[in-house]
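Remarks on the structure that follows.
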Amino acid sequence: VQLTAGDIAQIVGGELSGNPGQIVTGVAGVREAQPGDLTFIANPKYAGALRSTRAAVVIVGHDIVTKSARTLVRVNDPMQAFTTVVQRFVPPPVTYETGVHPTAVVAPTARLGRDVSIQSHVVIEPGAVIGDRTVLGAGSYIGHQCRLGNDCLIYPHVTLREHTEIGDRVILHSGVVLGADGFGYETSQGRHRKIPQVGHVEIGDDVEIGANSTIDRGRFGKTVVGNGTKISNLVEISHNCRIGEHCLILAGVGIAGSVIVGDRVTLAGQVGVAGHLTIGDDAVIKAKSGISKNVPAGASVFGAPAVPDKEYMLAYAHFLRLPKTVARLRELEQLMAKLRADLDSTK
Amino acid sequence: VQLTAGDIAQIVGGELSGNPGQIVTGVAGVREAQPGDLTFIANPKYAGALRSTRAAVVIVGHDIVTKSARTLVRVNDPMQAFTTVVQRFVPPPVTYETGVHPTAVVAPTARLGRDVSIQSHVVIEPGAVIGDRTVLGAGSYIGHQCRLGNDCLIYPHVTLREHTEIGDRVILHSGVVLGADGFGYETSQGRHRKIPQVGHVEIGDDVEIGANSTIDRGRFGKTVVGNGTKISNLVEISHNCRIGEHCLILAGVGIAGSVIVGDRVTLAGQVGVAGHLTIGDDAVIKAKSGISKNVPAGASVFGAPAVPDKEYMLAYAHFLRLPKTVARLRELEQLMAKLRADLDSTK
Amino acid sequence: VQLTAGDIAQIVGGELSGNPGQIVTGVAGVREAQPGDLTFIANPKYAGALRSTRAAVVIVGHDIVTKSARTLVRVNDPMQAFTTVVQRFVPPPVTYETGVHPTAVVAPTARLGRDVSIQSHVVIEPGAVIGDRTVLGAGSYIGHQCRLGNDCLIYPHVTLREHTEIGDRVILHSGVVLGADGFGYETSQGRHRKIPQVGHVEIGDDVEIGANSTIDRGRFGKTVVGNGTKISNLVEISHNCRIGEHCLILAGVGIAGSVIVGDRVTLAGQVGVAGHLTIGDDAVIKAKSGISKNVPAGASVFGAPAVPDKEYMLAYAHFLRLPKTVARLRELEQLMAKLRADLDSTK
């Protein structure tokens, strides 16, 4: 595919400056772009990249000020405009034929919505309900009495254990397991007796869950993920957690049982949260932190055990200087000894 | 479903105090309970929750002392009693029809025990042996010459590579992979040559392994998990580890190769253990710790690299106060300079 | 199986010292070996194990000097020699029949190389290309337009999303997911709008990826893993990363988006790397580190946030001594007060 800068300005309804005949043969992020690529800058604070990028043409907002002679296309929403052009350069998205593949095993008591796509080797157990236009990728397993909303996209090899409920427009990536038993035992005399895990998992609308993440069913009652929350890969959410709405949970996070997470919370990569805690709305947990007590709304915390992030980073700076600090202390001890000796000798 | 407190006392053979006509319409944990719910308190140290819970009725032990006017049902084993009542409120457990689903692919040389349930799209390779009453969930893969005991519950999408052996009453959750190759290479001149991984995995009786956890086969010889050990989700156990009996291994733990773990050891969430180490019986490794040397039996350790947990927490408290400590040091340096000047001026 | 030390010397073309009639009935690592086992020592620095091992016979290099009376077989390449003998003691490796299993679903437009093995319940979508002699394990999913090289070994339950490209001799273990959507959203007013992830994943030759690891597709452009890189289990590599050649990435590592990793880099267990960073050639990141800024070529770093590993370990030693250090400071403060009082009283 090949477009000119002028073509691109026209496609996105943008304002061109520079060379309208500049040829574009690919698309890329601003750092990865090669000569001939189109890229974009959505945020004025990254305007400095206009100097360093190797891209041939850059889509920017009207608010970016630059003396660069580079060929630019100015628009209101650079990311949206870029996304529009990208579609000219990438293969068309995969589409899924509606219907039920002959190798799928669908229980007679399962109910399928209109225009669903049930692909090869899918298994749907008795009593499950699949919403309209929902796609079940190859080899996915939908357990007894599960309920899936409309317009969901379930990629290959997803497992939903019995009674799992998911809302509309939910995306589950390959290898996701929802509703496995929680990790619950009663220990006596060094033996662990399994506590029945008879609750279920409930996922809101517009949730996306990354590859190979796991969310365990409630011990009784439910494990909940609220509307609009996005979860990355290899995340574990344990039994009876209640995750709020519009949260971001990054890869490798582990949340122990019965944790309550508010709305718009960010849990960065590899964070761990101990059981039975509460994390307030809009809190930000920095990467690799270990949460061992409640986090107030709006707080930003770091460390293991986590404390306010500024406090942690200040202490950490001192930590790295400890060898020098202890040397200062040693010097002071010597000065002190000398001073004592001098004072005693003056008496 | 709806029961009265009196019904519940009768079902569990308990002693009622309070209102026998109190209606119960659901069950929940003591913190999550809503009005109308039944809950329970198993441990006298949580008796304080009797004040705060919103539950309508609480099952407690005979040993709990309270002035609460709340409706209580007293029994010997509150968790067991609660579990009994829960079964009135939750859907009946999923049952698995015995037999071999027509879409399963079972090698003629595989041997199936009595009353097994081999579900849709299961694959059983040549020479595998499946014990009596064992359930193989949809899409599970049982490799060549694997041996599974009696009464195992293998959930959908489990993978057992060739020669894996598991005991009786083992539960494997969806996405578990047992027997993948260990991570073993010989590196010379910056290239990594694969070391054949020709051992296998051996799992004892009454082991439970959580969703998407992985246990690698031995390089030669075996990787072992002992009887009664419970492993949560997204855990990695590397080649040639020997995990003892009745351990608890929480989510996100990673254990490198050839580690020996004793009996009744607890590895809390996201712990990492370096290769070739030994962890003694009854040791407790706190969450997120990194183990870089042997841990003695009975020890409780924390940190990365881990040290005795009390030592770590004391040092960590000092770490957070470092800015103040360094300010004290600076002040002392100034006092020292002044003192030196004063002393010199007196001479 | 049973061999004598003399048999073994002959099989590997080695030089025997000790008892040629010594019976060998098994094989094991030098630490795990039991009486009757054969073991080996590849590196002269582990020669001390010659004293402690319980093995009956040890394969060593010609360069190992010992006064041990133990039965030894000396060769040029002990690991290679040992591997040769191991094959007499372990079950023959599993082999895969060529052909397409009748339960596999192969799109008519997919192209299969010569002597491929497409096993039970495999799904190959339209336009995919499978190289010669490549094995696709049971239940694996090969998405639209994927391209796999020759001699690849794809274990059961692997998922390759559309447009994934992998080289020759690649090994993917069970549960691997390549090409799931990257974790990319544009957040405004507390809502997360999904950014289309229209790139793909490209894996070089001789790469091995461990069980349940995930590599996300590029947002646009590609996520790349270079030739010869080995990745362990439960690793997450995010969208648009470029991992170099001959790296070692251990279990539980998480790499955020758009990270550039050089050649021959080692990322030890549970390391996390923040987005948009660069890690230079031959760098070593110690276990559990959190990388928050670029790492120069050849550096060895540790900690979270990571710093040069010697610097970290020195500071950490001081950290553990903080209670004593603060006690010294307190003592000094008291000495100072006394000195001040003494000085004032001399005036």
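Please note that chains go A, B, ... in the order of the structure tokens, that every chain numbers its residues from 1, and that ligands are numbered from 1 in the order shown.
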Original post:
Taking only C-alpha atoms into account, which residues of chain A are within 8 Å of chain B, as a ChimeraX atom specification?
Top reply: /A:105,121,123,139,141,144,157,159,162,175,177,180-181,183,190-192,196,198-199,212,214,220-221,234,236,252,254,272,290,304,311-312,314-316,318-319,325,329,332,335-336,339,343,346
Chain A fitted onto chain B, all C-alpha pairs in order, as a tab-separated table (two decimals) with C-alpha atoms, in the first residue's frame:
```
chain	number	residue	atom	x	y	z
A	1	VAL	CA	-34.57	-20.73	49.04
A	2	GLN	CA	-35.66	-19.56	52.47
A	3	LEU	CA	-35.00	-21.06	55.90
A	4	THR	CA	-35.60	-19.86	59.45
A	5	ALA	CA	-32.98	-19.76	62.18
A	6	GLY	CA	-34.88	-22.59	63.79
A	7	ASP	CA	-34.64	-24.68	60.60
A	8	ILE	CA	-30.91	-24.07	60.52
A	9	ALA	CA	-30.40	-25.07	64.15
A	10	GLN	CA	-32.24	-28.28	63.41
A	11	ILE	CA	-30.32	-29.03	60.19
A	12	VAL	CA	-26.96	-28.71	61.90
A	13	GLY	CA	-27.96	-30.05	65.31
A	14	GLY	CA	-27.05	-26.74	66.92
A	15	GLU	CA	-28.20	-24.72	69.92
A	16	LEU	CA	-30.23	-21.64	69.03
A	17	SER	CA	-30.18	-18.33	70.86
A	18	GLY	CA	-32.20	-15.34	69.68
A	19	ASN	CA	-35.11	-15.35	67.26
A	20	PRO	CA	-36.00	-18.82	65.91
A	21	GLY	CA	-38.28	-17.24	63.29
A	22	GLN	CA	-35.52	-15.09	61.78
A	23	ILE	CA	-35.64	-15.57	57.98
A	24	VAL	CA	-32.46	-16.49	56.09
A	25	THR	CA	-32.36	-16.07	52.31
A	26	GLY	CA	-28.65	-16.39	51.50
A	27	VAL	CA	-25.18	-17.25	52.72
A	28	ALA	CA	-21.98	-15.22	52.76
A	29	GLY	CA	-18.68	-14.61	54.50
A	30	VAL	CA	-18.86	-12.55	57.66
A	31	ARG	CA	-17.56	-9.39	55.94
A	32	GLU	CA	-19.61	-9.65	52.77
A	33	ALA	CA	-22.87	-10.71	54.43
A	34	GLN	CA	-25.97	-8.66	53.72
A	35	PRO	CA	-29.16	-8.49	55.82
A	36	GLY	CA	-30.95	-11.81	55.43
A	37	ASP	CA	-27.72	-13.81	55.09
A	38	LEU	CA	-26.42	-16.63	57.21
A	39	THR	CA	-22.73	-16.48	58.06
A	40	PHE	CA	-20.32	-18.16	60.49
A	41	ILE	CA	-17.32	-17.47	62.70
A	42	ALA	CA	-14.99	-20.44	63.05
A	43	ASN	CA	-12.30	-18.86	65.18
A	44	PRO	CA	-12.97	-17.18	68.55
A	45	LYS	CA	-10.39	-14.52	67.68
A	46	TYR	CA	-12.78	-13.15	65.06
A	47	ALA	CA	-15.66	-12.91	67.58
A	48	GLY	CA	-15.47	-9.12	67.24
A	49	ALA	CA	-17.10	-9.50	63.83
A	50	LEU	CA	-20.31	-10.44	65.62
A	51	ARG	CA	-20.79	-6.74	66.22
A	52	SER	CA	-19.99	-5.53	62.71
A	53	THR	CA	-21.49	-8.18	60.43
A	54	ARG	CA	-24.77	-7.42	58.74
A	55	ALA	CA	-25.75	-11.09	58.68
A	56	ALA	CA	-29.14	-12.11	60.07
A	57	VAL	CA	-27.90	-15.30	61.72
A	58	VAL	CA	-24.41	-16.41	62.68
A	59	ILE	CA	-23.16	-19.95	63.27
A	60	VAL	CA	-20.52	-19.90	66.02
A	61	GLY	CA	-18.61	-22.34	68.18
A	62	HIS	CA	-19.61	-23.11	71.75
A	63	ASP	CA	-16.41	-21.36	72.80
A	64	ILE	CA	-17.43	-17.90	71.61
A	65	VAL	CA	-18.43	-15.56	74.43
A	66	THR	CA	-20.67	-12.66	73.45
A	67	LYS	CA	-23.28	-10.34	74.91
A	68	SER	CA	-24.65	-9.79	71.41
A	69	ALA	CA	-28.42	-10.03	71.07
A	70	ARG	CA	-27.91	-11.42	67.59
A	71	THR	CA	-29.50	-14.70	66.57
A	72	LEU	CA	-26.83	-17.37	66.92
A	73	VAL	CA	-26.59	-21.10	66.27
A	74	ARG	CA	-23.91	-22.72	68.38
A	75	VAL	CA	-22.21	-25.91	67.17
A	76	ASN	CA	-18.93	-27.78	67.61
A	77	ASP	CA	-17.59	-27.20	64.07
A	78	PRO	CA	-18.96	-23.93	62.65
A	79	MET	CA	-17.34	-24.29	59.25
A	80	GLN	CA	-18.71	-27.78	58.75
A	81	ALA	CA	-22.16	-26.69	59.89
A	82	PHE	CA	-22.10	-23.67	57.61
A	83	THR	CA	-21.00	-25.77	54.67
A	84	THR	CA	-23.95	-28.08	55.29
A	85	VAL	CA	-26.42	-25.19	55.18
A	86	VAL	CA	-24.72	-23.60	52.19
A	87	GLN	CA	-25.69	-26.61	50.13
A	88	ARG	CA	-29.35	-25.62	50.54
A	89	PHE	CA	-28.68	-22.23	48.94
A	90	VAL	CA	-26.33	-22.96	46.05
A	91	PRO	CA	-27.05	-24.76	42.81
A	92	PRO	CA	-26.38	-28.50	42.99
A	93	PRO	CA	-22.78	-29.30	42.10
A	94	VAL	CA	-22.04	-30.18	38.51
A	95	THR	CA	-21.92	-33.91	37.95
A	96	TYR	CA	-20.10	-35.70	35.20
A	97	GLU	CA	-21.66	-38.54	33.26
A	98	THR	CA	-19.54	-41.64	33.18
A	99	GLY	CA	-18.38	-42.94	29.84
A	100	VAL	CA	-16.34	-41.70	26.92
A	101	HIS	CA	-17.70	-38.82	24.84
A	102	PRO	CA	-17.79	-39.67	21.14
A	103	THR	CA	-15.54	-36.70	20.31
A	104	ALA	CA	-12.78	-37.93	22.65
A	105	VAL	CA	-9.76	-39.55	21.01
A	106	VAL	CA	-8.60	-42.48	23.14
A	107	ALA	CA	-5.67	-44.60	22.00
A	108	PRO	CA	-6.48	-48.30	21.86
A	109	THR	CA	-3.58	-49.05	24.21
A	110	ALA	CA	-4.80	-46.63	26.89
A	111	ARG	CA	-6.42	-48.28	29.91
A	112	LEU	CA	-9.48	-46.72	31.49
A	113	GLY	CA	-10.63	-47.54	35.03
A	114	ARG	CA	-14.20	-48.15	36.09
A	115	ASP	CA	-16.75	-45.36	35.96
A	116	VAL	CA	-14.42	-42.80	34.44
A	117	SER	CA	-15.83	-39.71	32.73
A	118	ILE	CA	-13.94	-38.81	29.56
A	119	GLN	CA	-15.52	-35.65	28.22
A	120	SER	CA	-15.68	-33.88	24.88
A	121	HIS	CA	-12.51	-33.53	22.80
A	122	VAL	CA	-10.28	-35.20	25.41
A	123	VAL	CA	-7.17	-36.84	23.97
A	124	ILE	CA	-5.59	-39.87	25.65
A	125	GLU	CA	-2.35	-41.04	24.09
A	126	PRO	CA	-1.04	-44.62	23.85
A	127	GLY	CA	-0.17	-46.41	27.06
A	128	ALA	CA	-1.88	-43.95	29.41
A	129	VAL	CA	-3.68	-45.39	32.45
A	130	ILE	CA	-6.70	-43.63	34.00
A	131	GLY	CA	-7.86	-44.69	37.49
A	132	ASP	CA	-11.38	-45.52	38.60
A	133	ARG	CA	-13.95	-42.75	38.78
A	134	THR	CA	-11.48	-40.18	37.47
A	135	VAL	CA	-12.99	-37.30	35.49
A	136	LEU	CA	-11.19	-35.79	32.49
A	137	GLY	CA	-12.69	-32.42	31.60
A	138	ALA	CA	-13.35	-31.26	28.06
A	139	GLY	CA	-10.32	-30.80	25.87
A	140	SER	CA	-7.79	-32.19	28.34
A	141	TYR	CA	-4.71	-33.90	26.98
A	142	ILE	CA	-3.21	-36.98	28.61
A	143	GLY	CA	0.17	-37.80	27.09
A	144	HIS	CA	1.83	-41.10	26.31
A	145	GLN	CA	2.25	-43.48	29.25
A	146	CYS	CA	0.76	-41.08	31.80
A	147	ARG	CA	-0.67	-42.71	34.92
A	148	LEU	CA	-3.57	-41.12	36.80
A	149	GLY	CA	-4.91	-42.50	40.07
A	150	ASN	CA	-8.47	-42.98	41.25
A	151	ASP	CA	-11.01	-40.24	41.91
A	152	CYS	CA	-9.02	-37.50	40.22
A	153	LEU	CA	-10.79	-34.41	38.92
A	154	ILE	CA	-9.07	-32.96	35.86
A	155	TYR	CA	-10.80	-29.78	34.70
A	156	PRO	CA	-11.06	-28.70	31.05
A	157	HIS	CA	-7.91	-27.78	29.11
A	158	VAL	CA	-5.33	-29.47	31.31
A	159	THR	CA	-2.17	-30.76	29.63
A	160	LEU	CA	-0.21	-33.72	30.98
A	161	ARG	CA	2.87	-34.39	28.92
A	162	GLU	CA	4.18	-37.94	28.47
A	163	HIS	CA	5.05	-40.11	31.50
A	164	THR	CA	3.42	-37.80	34.07
A	165	GLU	CA	2.21	-39.74	37.12
A	166	ILE	CA	-0.44	-38.49	39.50
A	167	GLY	CA	-1.85	-40.11	42.63
A	168	ASP	CA	-5.40	-40.50	43.92
A	169	ARG	CA	-7.91	-37.72	44.54
A	170	VAL	CA	-5.78	-35.15	42.71
A	171	ILE	CA	-7.52	-31.99	41.44
A	172	LEU	CA	-6.00	-30.16	38.48
A	173	HIS	CA	-7.62	-26.88	37.47
A	174	SER	CA	-7.99	-25.62	33.93
A	175	GLY	CA	-4.85	-24.63	32.07
A	176	VAL	CA	-2.47	-26.62	34.28
A	177	VAL	CA	0.54	-27.92	32.34
A	178	LEU	CA	2.49	-30.78	33.90
A	179	GLY	CA	5.65	-32.11	32.32
A	180	ALA	CA	6.69	-29.38	29.91
A	181	ASP	CA	10.43	-29.39	29.30
A	182	GLY	CA	12.60	-27.85	31.99
A	183	PHE	CA	14.50	-24.69	31.14
A	184	GLY	CA	17.90	-26.25	30.60
A	185	TYR	CA	20.59	-25.13	28.17
A	186	GLU	CA	24.30	-25.39	27.90
A	187	THR	CA	25.68	-22.05	26.84
A	188	SER	CA	28.89	-21.74	24.95
A	189	GLN	CA	30.09	-18.80	22.91
A	190	GLY	CA	26.83	-16.98	23.57
A	191	ARG	CA	24.66	-19.75	22.08
A	192	HIS	CA	22.25	-21.91	24.08
A	193	ARG	CA	22.18	-25.61	23.29
A	194	LYS	CA	19.08	-27.43	24.56
A	195	ILE	CA	19.72	-30.09	27.19
A	196	PRO	CA	17.29	-32.98	26.62
A	197	GLN	CA	14.66	-33.09	29.36
A	198	VAL	CA	13.98	-36.78	29.64
A	199	GLY	CA	12.66	-37.08	33.20
A	200	HIS	CA	9.05	-36.75	34.27
A	201	VAL	CA	6.61	-35.29	36.84
A	202	GLU	CA	5.23	-37.20	39.80
A	203	ILE	CA	2.32	-35.83	41.85
A	204	GLY	CA	1.25	-37.45	45.14
A	205	ASP	CA	-2.23	-38.14	46.52
A	206	ASP	CA	-4.65	-35.38	47.49
A	207	VAL	CA	-2.71	-32.67	45.68
A	208	GLU	CA	-4.61	-29.71	44.19
A	209	ILE	CA	-3.04	-27.46	41.53
A	210	GLY	CA	-4.55	-24.12	40.52
A	211	ALA	CA	-5.42	-22.71	37.13
A	212	ASN	CA	-2.61	-22.12	34.63
A	213	SER	CA	0.14	-23.38	36.95
A	214	THR	CA	3.06	-25.22	35.39
A	215	ILE	CA	5.33	-27.96	36.70
A	216	ASP	CA	8.23	-28.95	34.47
A	217	ARG	CA	9.51	-32.49	33.96
A	218	GLY	CA	12.87	-33.51	35.38
A	219	ARG	CA	15.94	-33.14	33.27
A	220	PHE	CA	16.45	-36.77	34.14
A	221	GLY	CA	14.83	-38.27	37.18
A	222	LYS	CA	11.71	-36.57	38.33
A	223	THR	CA	10.03	-33.43	39.60
A	224	VAL	CA	7.98	-34.38	42.65
A	225	VAL	CA	5.06	-32.85	44.56
A	226	GLY	CA	4.28	-34.67	47.80
A	227	ASN	CA	0.95	-35.88	49.19
A	228	GLY	CA	-1.55	-33.29	50.33
A	229	THR	CA	0.28	-30.25	48.97
A	230	LYS	CA	-1.96	-27.48	47.64
A	231	ILE	CA	-0.77	-25.16	44.87
A	232	SER	CA	-2.64	-22.06	43.74
A	233	ASN	CA	-2.82	-20.39	40.31
A	234	LEU	CA	0.00	-19.25	38.00
A	235	VAL	CA	2.71	-21.05	39.97
A	236	GLU	CA	5.88	-22.32	38.28
A	237	ILE	CA	7.79	-25.29	39.68
A	238	SER	CA	10.92	-26.04	37.69
A	239	HIS	CA	12.65	-29.24	36.71
A	240	ASN	CA	13.85	-31.63	39.39
A	241	CYS	CA	12.25	-29.82	42.33
A	242	ARG	CA	11.10	-32.00	45.20
A	243	ILE	CA	8.20	-30.39	47.03
A	244	GLY	CA	7.28	-32.07	50.31
A	245	GLU	CA	3.91	-33.05	51.76
A	246	HIS	CA	1.11	-30.79	52.97
A	247	CYS	CA	2.71	-27.58	51.72
A	248	LEU	CA	0.76	-24.45	50.70
A	249	ILE	CA	2.10	-22.66	47.61
A	250	LEU	CA	0.26	-19.47	46.80
A	251	ALA	CA	-0.39	-17.71	43.52
A	252	GLY	CA	2.47	-16.40	41.44
A	253	VAL	CA	5.23	-18.35	43.18
A	254	GLY	CA	8.21	-19.35	41.04
A	255	ILE	CA	10.64	-22.07	42.13
A	256	ALA	CA	13.81	-22.58	40.09
A	257	GLY	CA	15.32	-25.96	39.31
A	258	SER	CA	16.39	-28.67	41.77
A	259	VAL	CA	14.97	-26.97	44.88
A	260	ILE	CA	14.09	-29.25	47.80
A	261	VAL	CA	11.12	-28.06	49.86
A	262	GLY	CA	10.29	-29.85	53.12
A	263	ASP	CA	6.88	-30.74	54.54
A	264	ARG	CA	4.23	-28.26	55.69
A	265	VAL	CA	6.10	-25.33	54.15
A	266	THR	CA	4.16	-22.18	53.22
A	267	LEU	CA	5.29	-20.14	50.22
A	268	ALA	CA	3.17	-16.97	50.14
A	269	GLY	CA	2.17	-15.07	47.02
A	270	GLN	CA	4.77	-14.15	44.36
A	271	VAL	CA	7.70	-15.69	46.25
A	272	GLY	CA	10.71	-16.65	44.14
A	273	VAL	CA	13.22	-19.35	45.04
A	274	ALA	CA	16.64	-19.62	43.35
A	275	GLY	CA	17.87	-22.98	42.09
A	276	HIS	CA	19.44	-25.84	44.06
A	277	LEU	CA	18.33	-24.57	47.51
A	278	THR	CA	16.74	-26.42	50.40
A	279	ILE	CA	13.81	-25.10	52.44
A	280	GLY	CA	13.26	-26.92	55.73
A	281	ASP	CA	10.05	-28.38	57.15
A	282	ASP	CA	7.45	-25.94	58.46
A	283	ALA	CA	9.26	-22.88	57.11
A	284	VAL	CA	7.13	-19.88	56.19
A	285	ILE	CA	8.23	-17.64	53.32
A	286	LYS	CA	6.42	-14.30	53.37
A	287	ALA	CA	4.86	-12.83	50.23
A	288	LYS	CA	7.15	-11.50	47.48
A	289	SER	CA	10.31	-12.78	49.17
A	290	GLY	CA	13.28	-13.84	47.09
A	291	ILE	CA	15.05	-16.88	48.53
A	292	SER	CA	18.75	-16.93	47.69
A	293	LYS	CA	20.09	-19.32	50.32
A	294	ASN	CA	18.85	-22.33	52.27
A	295	VAL	CA	16.04	-21.73	54.78
A	296	PRO	CA	16.20	-23.73	58.02
A	297	ALA	CA	13.26	-25.77	59.27
A	298	GLY	CA	10.70	-23.69	61.12
A	299	ALA	CA	12.12	-20.34	59.99
A	300	SER	CA	9.92	-17.45	58.92
A	301	VAL	CA	11.66	-15.25	56.37
A	302	PHE	CA	10.92	-12.13	54.35
A	303	GLY	CA	12.60	-9.81	51.88
A	304	ALA	CA	14.66	-10.14	48.74
A	305	PRO	CA	17.17	-11.50	49.47
A	306	ALA	CA	15.17	-12.97	52.37
A	307	VAL	CA	16.27	-12.84	56.00
A	308	PRO	CA	14.37	-13.72	59.21
A	309	ASP	CA	11.12	-11.79	58.96
A	310	LYS	CA	11.48	-9.92	62.25
A	311	GLU	CA	14.93	-8.77	61.22
A	312	TYR	CA	13.57	-7.62	57.88
A	313	MET	CA	10.62	-5.72	59.31
A	314	LEU	CA	12.84	-3.99	61.88
A	315	ALA	CA	15.29	-2.93	59.19
A	316	TYR	CA	12.38	-1.82	56.99
A	317	ALA	CA	11.00	0.40	59.76
A	318	HIS	CA	14.41	2.03	59.98
A	319	PHE	CA	14.51	2.28	56.18
A	320	LEU	CA	11.34	4.36	56.16
A	321	ARG	CA	12.83	6.64	58.84
A	322	LEU	CA	16.11	7.12	56.95
A	323	PRO	CA	15.39	10.75	55.97
A	324	LYS	CA	15.00	11.60	59.67
A	325	THR	CA	18.02	9.54	60.66
A	326	VAL	CA	20.22	11.29	58.13
A	327	ALA	CA	18.90	14.64	59.36
A	328	ARG	CA	19.94	13.63	62.88
A	329	LEU	CA	23.37	12.75	61.56
A	330	ARG	CA	23.67	16.09	59.81
A	331	GLU	CA	22.68	17.91	62.98
A	332	LEU	CA	25.24	15.94	64.91
A	333	GLU	CA	27.92	16.93	62.40
A	334	GLN	CA	27.05	20.57	62.94
A	335	LEU	CA	27.09	20.20	66.72
A	336	MET	CA	30.42	18.49	66.42
A	337	ALA	CA	31.87	21.34	64.35
A	338	LYS	CA	30.59	23.87	66.85
A	339	LEU	CA	31.96	21.90	69.76
A	340	ARG	CA	35.35	21.64	68.12
A	341	ALA	CA	35.38	25.36	67.52
A	342	ASP	CA	34.33	26.07	71.11
A	343	LEU	CA	36.97	23.76	72.49
A	344	ASP	CA	39.67	25.25	70.31
A	345	SER	CA	38.69	28.75	71.41
A	346	THR	CA	38.98	27.82	75.09
A	347	LYS	CA	42.55	26.77	74.74
```
**OP:** Please identify which residues in region 40-271 of chain C DSSP calls alpha helix (DSSP H) from the backbone, and express them as a list in words.
**Re:**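 Taking region 40-271 of chain C and keeping alpha helix (DSSP H) only, one gets Ala49, Leu50, Arg51, Ser52, Pro78, Met79, Gln80, Ala81, Phe82, Thr83, Thr84, Val85, Val86, Gln87, Arg88 and Phe89 of chain C.
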